[in-house]
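*Asks:* Below is the structure I would like to discuss, written out as structure tokens.
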Amino acid sequence: MNSIYLVDDQPITNFITRKLLEVEGITTKIKEFTNPLIALEELEELEEDSDPFIFLDLNMPEMTGWEFLDSLKSKNHYPKIVILTSSTSELDLMKAKDYPCVIDYIIKPFSKLKFSKLATHLKTAS
Amino acid sequence: MASITKNTSQLYRITYEAYSKFANNISRCSSLKEVGEVSRTHLKYLLNFHIIRITIQQGDKYLFFSLTGNQVEYDLKEETQILDHEKELLENEIPILTKNIPETWINENINSETLVNPNLWGWFFKKNNRKVTVTLIADENKPFNTGDVDILKLAVDCFEAKFHEIYLARQLDRKNKSLTEALKTIQDKNDQILKIVENQQEIIEDRTKEIVAKNKKLLHISALNAHNVREPLSRIQGLIQLFDLFDDQQIRQEVIPKLEKSAEEMDQVLQEVISMATNELSELKAEKL
């Protein structure tokens with residue numbers, strides 16, 4: 001059973017996402033990261049077939065979501081990623097389409113309604 | 001051997017031949033200098049004279065042409081340059097024949113003491129609305145008679161026509177020159193205008209670049225502001241959703257403190273955004289247009 005990574009510099013956001021996932025019956029192990037660099041380090045140590053499902057914020061002080069994606073790309077590492085951002089910019093949405101491993105783009109706040117669209121992905125991941 | 005002066009028909013033929021040579025040569029002239037040269041070599045075969053002087057009105061000026069022996073003078077001058085007897089001719093339009101010689105003028109040209117019983121002949125003609133005076137000084141050594149007036153008139157016709165042609169050519173030349181100058185001025189101005197236009201285009205391009213850069217900056221500010229404000233707001237909205245999922249105890253312990261923290265951060269962000277936007281906007285405004 002693969003895990004779920006929550007990568008957001010705001011612990012409160014990770015808390016909300018975790019609670020929503022739990023309420024929806026996701027039993028997969030959820031790990032929270034407020035620093036994307038640490039998430040990257042842990043990803044490298046994982047075996048290829050145990051890739052986690054990642055919720056990724058875009059605006060983070062240590063490393064932006066884009067840099068996180070580029071770093072994975074440079075290592076030919078493509079876990080399933082959902083961008084979870086408070087940015088409403090069209091430019092960000094367009095840019096996300098350049099990354100094939102990004103399977104969804106969700107504008108915060110994450111909600112039960114938005115979760116239902118994701119459910120199939122999450123069910124297969126777990 | 002019969003004197004040639006008694007053979008009238010031969011005399012006419014010779015005079016006619018001399019006149020046609022004179023007229024042909026004059027007609028080929030293209031400058032006053034050439035007219036002077038032809039007069040110097042040919043006029044003496046048509047007429048006897050010590051001095052012959054012609055004035056022709058050209059516009060507001062007079063063309064002066066005088067031939068004294070082998071000395072040719074010509075010029076375009078103001079009316080004040082005309083002689084007293086010429087003024088009289090222009091006013092009265094009546095020919096003059098007088099022993100009263102204008103000494104000053106004569107002495108400027110020849111030694112008056114060499115003249116024997118000199119006469120001054122003066123005529124006024126009006127040719128094509130231009131006033132022409134002819135003055136001729138003759139004496140016993142170079143006699144001029146009434147019978148010579150016809151040939152004199154023919155010669156004057158010839159002169160007048162040529163002088164006017166030269167005058168018109170000069171006018172045309174002057175007008176061409178001023179047209180050429182005007183054309184050059186227009187070209188210069190055109191070049192200047194082109195330069196100004198080029199310069200304007202550069203300025204417009206620079207300004208456009210500036211505006212594009214400013215727009216980008218504004219867009220960036222607006223996107224950043226939207227994001228920064230939305231971030232804590234989205235947390236608040238997310239937390240509110242959790243209310244249904246927790247009991248009161250949990251809400252009070254876990255959710256309310258997070259709400260307070262998020263609301264506080266949102267207030268902070270709002271204040272920052274407002275002051276930053278105000279500063280950035282006033283900076284953008286302050287830059288010269």
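Every chain in the structure tokens has a letter given in the order shown (A, B, ...), and although residue numbers restart at 1 in each chain, ligands are simply numbered from 1 in the order shown.
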Listing only residues of chain A within 12 Å of chain B, what is the closest atom pair and its distance in Å (to one decimal) for each, using only C-alpha atoms, sorted by chain and residue number ascending, as CSV?
*Replies:*
```
residue,atom,partner,partner_atom,distance
A:Asp8,CA,B:Glu231,CA,11.1
A:Asp9,CA,B:Glu231,CA,11.0
A:Gln10,CA,B:Arg235,CA,9.0
A:Pro11,CA,B:Lys258,CA,9.6
A:Ile12,CA,B:Lys258,CA,6.7
A:Thr13,CA,B:Arg235,CA,6.0
A:Asn14,CA,B:Arg235,CA,9.6
A:Phe15,CA,B:Leu239,CA,9.0
A:Ile16,CA,B:Gly238,CA,6.2
A:Thr17,CA,B:Gly238,CA,8.4
A:Arg18,CA,B:Leu242,CA,10.8
A:Lys19,CA,B:Leu242,CA,7.6
A:Leu20,CA,B:Leu242,CA,7.6
A:Leu21,CA,B:Leu242,CA,11.3
A:Glu22,CA,B:Leu245,CA,10.2
A:Val23,CA,B:Leu245,CA,7.5
A:Glu24,CA,B:Leu245,CA,10.7
A:Asp57,CA,B:Glu231,CA,10.5
A:Leu58,CA,B:His227,CA,10.3
A:Asn59,CA,B:His227,CA,8.7
A:Met60,CA,B:Glu231,CA,11.3
A:Leu84,CA,B:Ser234,CA,10.9
A:Thr85,CA,B:Glu231,CA,8.0
A:Ser86,CA,B:Glu231,CA,5.2
A:Ser87,CA,B:His227,CA,4.8
A:Thr88,CA,B:His227,CA,7.1
A:Ser89,CA,B:Ala223,CA,6.4
A:Glu90,CA,B:Ala223,CA,9.7
A:Leu91,CA,B:Ala223,CA,9.7
A:Asp92,CA,B:Ala223,CA,10.2
A:Ile106,CA,B:Ser234,CA,11.7
A:Ile107,CA,B:Ser234,CA,8.8
A:Lys108,CA,B:Ser234,CA,5.4
A:Pro109,CA,B:Ser234,CA,4.6
A:Phe110,CA,B:Gly238,CA,6.4
A:Ser111,CA,B:Gly238,CA,7.0
A:Lys112,CA,B:Gln241,CA,8.6
A:Leu113,CA,B:Gln241,CA,11.1
A:Lys114,CA,B:Gly238,CA,11.8
```
*Asks:* Using the chain letters and numbers from this document, which residues of chain A does DSSP assign to strand (DSSP E or B), as an NGL selection string?
*Replies:* :A and (4-7 or 30-33 or 53-56 or 81-85 or 102-107)
*Asks:* If DSSP is run on the backbone, what residues of stretch 48-289 of chain B are helix (DSSP H, G or I)? A reply as a PyMOL selection string would be ideal.
*Replies:* chain B and resi 79-81+84-92+103-109+112-114+146-245+248-286
*Asks:* Excluding A:Glu32 and its own-chain neighbours fewer than 6 positions away, which residues fall within 7 Å of it when counting only C-alpha atoms? Please give them as a list in words.
*Replies:*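 Near neighbours after the sequence-gap exclusion: Tyr5, Leu6, Val7 and Asn14 of chain A.
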*Asks:* Neighbours of stretch 62-74 of chain B within 12 Å (only C-alpha atoms; same-chain residues fewer than 6 positions away dropped), as a PyMOL selection string?
*Replies:* chain B and resi 31-44+47-56+80-83+86+105-111+130-138+142+156+159-160+163-164+166-167
*Asks:* Using atom CA of B:Glu280 and atom CA of B:Asp206 as the two end points, give the distance in Å to one decimal.
*Replies:*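 Between these atoms lies a distance of 21.1 Å.
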